[in-house]
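Trainee: Right, I'll just put the structure down here and ask away after.
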Amino acid sequence: MTTPIRMTRERVSADNKRIINNDRTVDINQLVPIKYKWAWSFYLDGCNNHWMPTEVSMQRDIEQWKDPKGFTDDERHIIKRTLGFFSTAETLVGNNIVLAIFKHVDNPEARQYLLRQAFEEAIHVHAFQYIVESLSMDETEMFNMYREVEEIYNKDEFTMGHTDHILDPKFTTMTQEGIQRFLENLVGLYVITEGIFFYSGFVMMLSFGRQNRIPGTCEQIQYILRDESVHMNFGIELINTIIQENPQVWTPEFQELTVQRIKHAVELEYLYAKECLPKNILGLNPDLLKEYVQYIADRRLERLHLPKQYNAANPFPWMSEVIDLKKEKNFFETRVTEYQTGGALEW
Ligand SMILES: [Fe+2]
Ligand SMILES: [Fe+2]
C-alpha cells in the first residue's frame, strides 16, 4: 500500500513501526530508523549468499545424463519429477511474494528483504530452466508437470489456495479475520511450501550428489536449499512478530487450524514422495521420506510455538550437514568458492 508524502518536521520513531496495519504516522518509504533488525540482517544474509546458476558447470551432468547406463529408469523418474515440481513451484512462490505479501507488509525493512527474496526466487526459476535446458530435457514435459501429475498438482493447488483470499481486491488486514487469512498465507508459503514441500525433493536430489552424480545440478540445489532456509527463517520471524503485535488473532481455534493444515501438507508431501520414489532406491524409501517430512514438520511447529505432532527421528542427519554451509568448500566439493554466510542457519 502506498500513502502520499506529507510535509512535516515530526520525525519517524521506530517504536511506531508495525509489520502490518502501519498506523500511517510512519513513512513506509523510510527504512531508517530500523525497528526489526532481524529483517535487515536476513537481507544482508541473502546478499552474502548471492549466486547465479550459469556460474555452475553442467558438463559432467550432461555426460552422465546422455550415457544410457548413467541412470536406471527409476532414477531418471526421480530426477524428472523433482525438477518438474520445482520448475513451477519457484514461480508460484515468487508470484505470491510480489502479488500477495508485499502489498500488505507495510514495514520498509521487511519489504527490503521481500525484494531480495523475490529476486532469489527468480534465480531459482532460472536454475531449473538452466538445468532442464542443459540436460536437453523435454521442456514442455517438465514445465507442464504441475498440471499433469496429480501428486504435484495437489501440492501446488494447496499452496495456491492460501493466496486466493489475499488477491481479492477487497481483502484487508484491518479485521481479525483478514489478519488470520494473511497469516494463513504466510504459513502456506514459508512454512508449508518452502519449509515442507521442498524437502523430499532436496533429499532425493542431494542423494545423487552424495554419490557424485549430477554434481552441477546438486550444487545448484544446495545453494537453493541454503536460500530457502533463510526464506523460511525470515517467514517464521515475520509470522511470529505479526502474532505478537496482534495477539487477539492467535486463538486456540486458529492455532488448531494451523496445525491441521501442516498435517495435511505432510500427507500431501508423503504421497508426492511415494510417487517419485515408490521403492528402495539410493538408500531411500517412501517410509524414510515420510519420517523425514514428519521430523521437519515438528521442527516447524515448534518454531511457531505449536505442539509437535509426530516425534519422528531424523533419518537423514547428513541433511543438517548440507544446510550448515560454513565450510571451506561446498558439500560436494565441486567448487572452492566460499560464499559468505551471516551465521549458522536454524532450519
Ligand atoms: Fe526458491
Ligand atoms: Fe524461497
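In the C-alpha cells, the first chain shown is A, the next is B, and so on; residue numbers restart at 1 for each chain, and ligands run from 1 in the order shown.
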Can you build me a table of range 159-235 of chain A residues sitting at most 8 Å from range 87-105 of chain A, with the closest atom pair per residue and its distance in Å to one decimal, using only C-alpha atoms, sorted by chain and residue number, as a Markdown table?

Mentor:
```
| residue | atom | partner | partner_atom | distance |
| --- | --- | --- | --- | --- |
| A:Met160 | CA | A:Leu92 | CA | 7.6 |
| A:Thr163 | CA | A:Ala100 | CA | 6.8 |
| A:Ile166 | CA | A:Ala100 | CA | 5.8 |
| A:Leu167 | CA | A:Ala100 | CA | 6.0 |
| A:Thr173 | CA | A:His104 | CA | 7.3 |
| A:Leu186 | CA | A:Ile101 | CA | 7.9 |
| A:Leu189 | CA | A:Val93 | CA | 6.9 |
```

Trainee: For range 36-47 of chain A, work out the shell of residues within 12 Å, counting only C-alpha atoms and skipping chain neighbours fewer than 3 positions away, then give it as a PyMOL selection string.

Mentor: chain A and resi 14-19+31-33+50-51+107-121+223-224+226-238+241-242+339-345

Trainee: Using N, CA and C atoms, can you export the residues from the last selection as a compact mmCIF listing (two decimals), in the first residue's frame?

Mentor:
```txt
# COMPACT_ATOMS: atom_id res chain seq x y z
N ALA A 14 11.04 4.66 15.59
CA ALA A 14 11.00 3.22 15.31
C ALA A 14 9.88 2.54 16.10
N ASP A 15 9.59 3.07 17.29
CA ASP A 15 8.57 2.45 18.14
C ASP A 15 7.20 2.37 17.45
N ASN A 16 6.94 3.31 16.55
CA ASN A 16 5.62 3.31 15.89
C ASN A 16 5.51 2.31 14.76
N LYS A 17 6.63 1.74 14.39
CA LYS A 17 6.59 0.83 13.24
C LYS A 17 5.86 -0.47 13.59
N ARG A 18 5.13 -1.00 12.61
CA ARG A 18 4.45 -2.30 12.73
C ARG A 18 4.69 -3.07 11.44
N ILE A 19 4.56 -4.41 11.51
CA ILE A 19 4.72 -5.20 10.28
C ILE A 19 3.53 -4.99 9.35
N LEU A 31 13.36 3.64 5.49
CA LEU A 31 13.95 2.42 6.09
C LEU A 31 14.46 2.68 7.51
N VAL A 32 15.15 3.83 7.66
CA VAL A 32 15.79 4.14 8.94
C VAL A 32 14.95 5.16 9.70
N PRO A 33 14.73 5.05 10.98
CA PRO A 33 15.32 4.10 11.93
C PRO A 33 14.71 2.70 11.79
N HIS A 50 24.68 -14.58 -2.42
CA HIS A 50 24.36 -14.43 -3.85
C HIS A 50 25.08 -15.46 -4.74
N TRP A 51 24.37 -15.97 -5.71
CA TRP A 51 24.95 -16.91 -6.70
C TRP A 51 24.13 -16.83 -7.97
N ASN A 107 6.00 -2.60 6.45
CA ASN A 107 7.25 -2.19 7.08
C ASN A 107 8.42 -2.18 6.07
N PRO A 108 9.17 -1.06 5.99
CA PRO A 108 10.22 -0.96 4.96
C PRO A 108 11.36 -1.96 5.11
N GLU A 109 11.76 -2.30 6.33
CA GLU A 109 12.88 -3.26 6.44
C GLU A 109 12.44 -4.67 6.05
N ALA A 110 11.18 -5.02 6.37
CA ALA A 110 10.66 -6.33 5.93
C ALA A 110 10.51 -6.32 4.41
N ARG A 111 10.07 -5.19 3.85
CA ARG A 111 9.95 -5.10 2.39
C ARG A 111 11.31 -5.20 1.71
N GLN A 112 12.33 -4.66 2.34
CA GLN A 112 13.67 -4.76 1.78
C GLN A 112 14.05 -6.23 1.59
N TYR A 113 13.74 -7.04 2.61
CA TYR A 113 14.03 -8.47 2.49
C TYR A 113 13.15 -9.10 1.41
N LEU A 114 11.86 -8.73 1.36
CA LEU A 114 10.96 -9.33 0.36
C LEU A 114 11.44 -9.06 -1.06
N LEU A 115 12.01 -7.87 -1.28
CA LEU A 115 12.55 -7.54 -2.61
C LEU A 115 13.71 -8.47 -2.93
N ARG A 116 14.58 -8.68 -1.96
CA ARG A 116 15.72 -9.58 -2.13
C ARG A 116 15.22 -11.02 -2.40
N GLN A 117 14.25 -11.43 -1.59
CA GLN A 117 13.74 -12.79 -1.74
C GLN A 117 13.11 -12.99 -3.13
N ALA A 118 12.36 -11.98 -3.58
CA ALA A 118 11.71 -12.10 -4.89
C ALA A 118 12.77 -12.33 -5.97
N PHE A 119 13.91 -11.62 -5.87
CA PHE A 119 14.98 -11.81 -6.85
C PHE A 119 15.57 -13.22 -6.73
N GLU A 120 15.71 -13.70 -5.50
CA GLU A 120 16.25 -15.06 -5.31
C GLU A 120 15.31 -16.10 -5.93
N GLU A 121 14.00 -15.86 -5.83
CA GLU A 121 13.06 -16.81 -6.46
C GLU A 121 13.24 -16.79 -7.97
N TYR A 223 22.64 -24.63 -3.17
CA TYR A 223 22.51 -23.18 -2.98
C TYR A 223 21.04 -22.79 -2.76
N ILE A 224 20.16 -23.49 -3.48
CA ILE A 224 18.73 -23.19 -3.32
C ILE A 224 18.29 -23.55 -1.90
N ARG A 226 20.10 -23.56 0.72
CA ARG A 226 20.61 -22.53 1.63
C ARG A 226 19.71 -21.28 1.59
N ASP A 227 19.35 -20.85 0.37
CA ASP A 227 18.46 -19.69 0.25
C ASP A 227 17.12 -19.96 0.93
N GLU A 228 16.59 -21.15 0.68
CA GLU A 228 15.26 -21.46 1.23
C GLU A 228 15.28 -21.50 2.76
N SER A 229 16.41 -21.91 3.34
CA SER A 229 16.49 -21.91 4.80
C SER A 229 16.37 -20.48 5.33
N VAL A 230 16.99 -19.54 4.62
CA VAL A 230 16.89 -18.13 5.05
C VAL A 230 15.46 -17.63 4.84
N HIS A 231 14.86 -17.98 3.69
CA HIS A 231 13.48 -17.55 3.43
C HIS A 231 12.56 -18.01 4.55
N MET A 232 12.70 -19.30 4.89
CA MET A 232 11.81 -19.84 5.90
C MET A 232 12.04 -19.19 7.27
N ASN A 233 13.30 -18.97 7.60
CA ASN A 233 13.59 -18.34 8.89
C ASN A 233 13.05 -16.91 8.95
N PHE A 234 13.16 -16.18 7.84
CA PHE A 234 12.57 -14.84 7.78
C PHE A 234 11.05 -14.95 7.95
N GLY A 235 10.44 -15.89 7.21
CA GLY A 235 8.98 -16.04 7.24
C GLY A 235 8.47 -16.35 8.64
N ILE A 236 9.18 -17.22 9.34
CA ILE A 236 8.74 -17.59 10.69
C ILE A 236 8.86 -16.39 11.62
N GLU A 237 9.91 -15.62 11.46
CA GLU A 237 10.07 -14.40 12.27
C GLU A 237 8.94 -13.41 11.96
N LEU A 238 8.61 -13.30 10.68
CA LEU A 238 7.53 -12.40 10.25
C LEU A 238 6.19 -12.84 10.87
N THR A 241 6.15 -12.28 14.64
CA THR A 241 6.05 -10.86 15.01
C THR A 241 4.63 -10.33 14.78
N ILE A 242 4.01 -10.75 13.68
CA ILE A 242 2.63 -10.31 13.43
C ILE A 242 1.73 -10.83 14.56
N TYR A 339 30.93 -18.80 -0.46
CA TYR A 339 30.08 -17.64 -0.27
C TYR A 339 30.04 -17.35 1.22
N GLN A 340 29.93 -16.10 1.53
CA GLN A 340 29.86 -15.76 2.95
C GLN A 340 28.49 -16.14 3.48
N THR A 341 28.43 -16.30 4.74
CA THR A 341 27.09 -16.50 5.33
C THR A 341 27.02 -15.75 6.64
N GLY A 342 25.82 -15.33 6.96
CA GLY A 342 25.65 -14.46 8.11
C GLY A 342 25.64 -15.20 9.43
N GLY A 343 25.79 -16.50 9.44
CA GLY A 343 25.77 -17.24 10.69
C GLY A 343 25.13 -18.60 10.48
N ALA A 344 25.19 -19.44 11.47
CA ALA A 344 24.60 -20.77 11.36
C ALA A 344 23.09 -20.62 11.15
N LEU A 345 22.56 -21.44 10.28
CA LEU A 345 21.14 -21.34 9.98
C LEU A 345 20.34 -22.29 10.85
```

Trainee: With only C-alpha atoms as the counted atoms, please give the residues lying no more than 9 Å from Thr54 in chain A, apart from itself and same-chain residues fewer than 4 positions off, as a PyMOL selection string.

Mentor: chain A and resi 58+126-127+130

Trainee: Show which residues sit within 6 Å of range 195-206 of chain A, as a tab-separated table (two decimals) with N, CA and C atoms, in the first residue's frame. Count only C-alpha atoms, and ignore same-chain residues fewer than 4 positions away.

Mentor:
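Writing done, so here's out-v1.tsv:
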```tsv
chain	number	residue	atom	x	y	z
A	82	THR	N	11.36	-34.43	-9.69
A	82	THR	CA	11.81	-33.38	-8.77
A	82	THR	C	12.00	-32.06	-9.52
A	191	VAL	N	6.12	-21.78	5.65
A	191	VAL	CA	6.27	-22.99	6.46
A	191	VAL	C	5.96	-24.23	5.63
A	218	CYS	N	23.22	-30.73	-8.44
A	218	CYS	CA	23.17	-30.82	-6.98
A	218	CYS	C	23.81	-29.60	-6.32
A	269	GLU	N	2.81	-34.29	0.98
A	269	GLU	CA	4.24	-34.44	0.68
A	269	GLU	C	4.63	-35.92	0.64
```

Trainee: Just checking: using only C-alpha atoms and all ligand atoms, which residue out of A:Gln255, A:Asn29, A:Ser134, A:Gln222 ends up closest to ligand 1?

Mentor: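 Looking at the shortest contact to ligand 1, the residue is A:Gln222.
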
Trainee: Distance CA of Leu304 in chain A-CA of Val187 in chain A, one decimal place?

Mentor: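 Separation between CA of Leu304 in chain A and CA of Val187 in chain A: 9.5 Å.
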
Trainee: Return the single residue from A:Leu271, A:Ala265, A:Met319, A:Leu183 that is closest to Ser207 in chain A, with distances computed using only C-alpha atoms.

Mentor: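 Closest to Ser207 in chain A, using only C-alpha atoms: A:Met319.
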